[in-house]
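**Student:** Let me begin by handing over the structure; questions about it come next.
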Amino acid sequence: MKFLKAFLAVLSLFIISLFSSKNVLADVGCRTGNNIYTQQVGSYPEGSSTIPVFSDASAIRIRNGASDPNCGILRSVSNNYTIVAGTTANPSSKCSYASNPGDQGRLVNYNPAHNSCVLPLDDYVPALILASFFCIPLMRKHYLNKMFAF
């Protein structure tokens with residue numbers, strides 16, 4: 001009975017993980033070059049504007065393609081991000097990052113769920129599932145032998 005409960009628990013967790021999705025709303029970040037910086041750490045004045053400054057440590061790389069080994073957001077996806085509408089404090093939606101305030105970018109609405117990595121483990125999931133189903137009869141046999149041993 002314990003085995004059945006454990007098996008059902010693992011199976012339900014597996015099914016839930018398959019159908020779960022990231023429910024993430026768009027955030028505002030600073031896109032400069034090949035990065036989107038996500039955490040604002042301050043600002044500085046430039047003429048009549050206030051330019052937000054973002055942390056270097058919060059950078060999400062922009063990947064060139066799906067096979068790019070770096071983690072990040074695909075360039076084809078990030079090119080469709082909308083630029084944040086200007087405000088009276090920052091009419092042209094400029095931004096910068098901490099280590100190089102002179103390298104200005106634009107504030108964009110990005111989706112953190114688009115940040116992904118190429119993991120080779122994904123290639124082996126079917127084999128791992130198949131291996132686990134071969135182990136179930138062995139585990140059941142071992143469990144039954146222990147249960148009815150005198």
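We label chains A, B, ... in the order they appear in the structure tokens, count residues from 1 in each chain, and number ligands from 1 in the order shown.
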For Thr88 (chain A), list every protein, DNA or RNA residue within 12 Å, evaluated using only C-alpha atoms, and leave out those in the same chain fewer than 6 positions away; present the list as a PyMOL selection string.

**Tutor:** chain A and resi 48-51

**Student:** Find the residues near Ser67 (chain A): any atom within 10 Å, counting only C-alpha atoms, skip ones fewer than 5 places away on the same chain, and give them as number ranges by chain.

**Tutor:** A: 74, 117-118

**Student:** Using only C-alpha atoms, which residue out of A:Pro52, A:Gly86, A:Pro91, A:Gly105 lies closest to Asn35 (chain A)?

**Tutor:**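 Using only C-alpha atoms, the shortest distance to Asn35 (chain A) belongs to A:Gly105.
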
**Student:** Extract the full set of strand (DSSP E) residues from region 37-140 of chain A according to DSSP on the backbone, and format it as a ChimeraX atom specification.

**Tutor:** /A:37,40-46,49-54,59-63,73-74,94-97,100-110

**Student:** What lies within 8 Å of region 77-80 of chain A using only C-alpha atoms, ignoring chain neighbours under 4 positions off, as a list of chain:residue names?

**Tutor:** A:Ile62, A:Ile73, A:Tyr110, A:His114

**Student:** Could you write those residues out with N, CA and C atoms, as a compact mmCIF listing (two decimals), in the first residue's frame?

**Tutor:**
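Generated file (selection-v5.txt):
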```
# COMPACT_ATOMS: atom_id res chain seq x y z
N ILE A 62 21.24 38.31 -24.15
CA ILE A 62 20.38 38.09 -25.30
C ILE A 62 21.09 37.07 -26.19
N ILE A 73 17.67 35.34 -23.18
CA ILE A 73 16.45 35.53 -23.97
C ILE A 73 16.84 35.54 -25.44
N TYR A 110 9.94 43.53 -20.60
CA TYR A 110 10.40 42.19 -20.94
C TYR A 110 9.66 41.17 -20.08
N HIS A 114 10.81 34.33 -20.47
CA HIS A 114 11.52 34.07 -21.72
C HIS A 114 12.99 33.75 -21.49
```

**Student:** What's around Tyr81 (chain A) at 10 Å? Count only C-alpha atoms, leave out sequence neighbours fewer than 3 positions away in its own chain, and write the answer as an MDAnalysis selection string.

**Tutor:** chainID A and resid 26 31 76:78 84 107:111

**Student:** Just N, CA and C atoms for this one: save the residues we selected as a PDB file, in the first residue's frame.

**Tutor:**
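File written: result26.pdb
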```
ATOM      1  N   ALA A  26       4.927  41.034 -17.355  1.00  0.00           N
ATOM      2  CA  ALA A  26       6.075  41.747 -17.896  1.00  0.00           C
ATOM      3  C   ALA A  26       6.674  42.666 -16.842  1.00  0.00           C
ATOM      4  N   ARG A  31      17.572  47.697 -21.707  1.00  0.00           N
ATOM      5  CA  ARG A  31      18.244  46.964 -22.773  1.00  0.00           C
ATOM      6  C   ARG A  31      19.353  47.821 -23.358  1.00  0.00           C
ATOM      7  N   SER A  76      15.385  37.032 -31.263  1.00  0.00           N
ATOM      8  CA  SER A  76      14.149  37.185 -32.032  1.00  0.00           C
ATOM      9  C   SER A  76      12.971  37.539 -31.134  1.00  0.00           C
ATOM     10  N   VAL A  77      12.999  37.080 -29.874  1.00  0.00           N
ATOM     11  CA  VAL A  77      11.942  37.407 -28.915  1.00  0.00           C
ATOM     12  C   VAL A  77      12.156  38.806 -28.354  1.00  0.00           C
ATOM     13  N   SER A  78      13.403  39.109 -27.977  1.00  0.00           N
ATOM     14  CA  SER A  78      13.681  40.403 -27.343  1.00  0.00           C
ATOM     15  C   SER A  78      13.509  41.571 -28.309  1.00  0.00           C
ATOM     16  N   VAL A  84       9.300  51.236 -23.112  1.00  0.00           N
ATOM     17  CA  VAL A  84       8.431  51.866 -22.117  1.00  0.00           C
ATOM     18  C   VAL A  84       8.155  53.303 -22.545  1.00  0.00           C
ATOM     19  N   LEU A 107      14.551  51.677 -21.858  1.00  0.00           N
ATOM     20  CA  LEU A 107      13.711  50.891 -20.955  1.00  0.00           C
ATOM     21  C   LEU A 107      12.735  50.072 -21.790  1.00  0.00           C
ATOM     22  N   VAL A 108      12.666  48.772 -21.518  1.00  0.00           N
ATOM     23  CA  VAL A 108      11.768  47.887 -22.268  1.00  0.00           C
ATOM     24  C   VAL A 108      10.915  47.071 -21.309  1.00  0.00           C
ATOM     25  N   ASN A 109       9.757  46.649 -21.792  1.00  0.00           N
ATOM     26  CA  ASN A 109       8.921  45.689 -21.069  1.00  0.00           C
ATOM     27  C   ASN A 109       9.374  44.303 -21.518  1.00  0.00           C
ATOM     28  N   TYR A 110       9.937  43.530 -20.602  1.00  0.00           N
ATOM     29  CA  TYR A 110      10.404  42.185 -20.940  1.00  0.00           C
ATOM     30  C   TYR A 110       9.660  41.168 -20.081  1.00  0.00           C
ATOM     31  N   ASN A 111       9.695  39.920 -20.502  1.00  0.00           N
ATOM     32  CA  ASN A 111       9.047  38.842 -19.759  1.00  0.00           C
ATOM     33  C   ASN A 111      10.120  37.918 -19.189  1.00  0.00           C
TER      34      ASN A 111
END
```
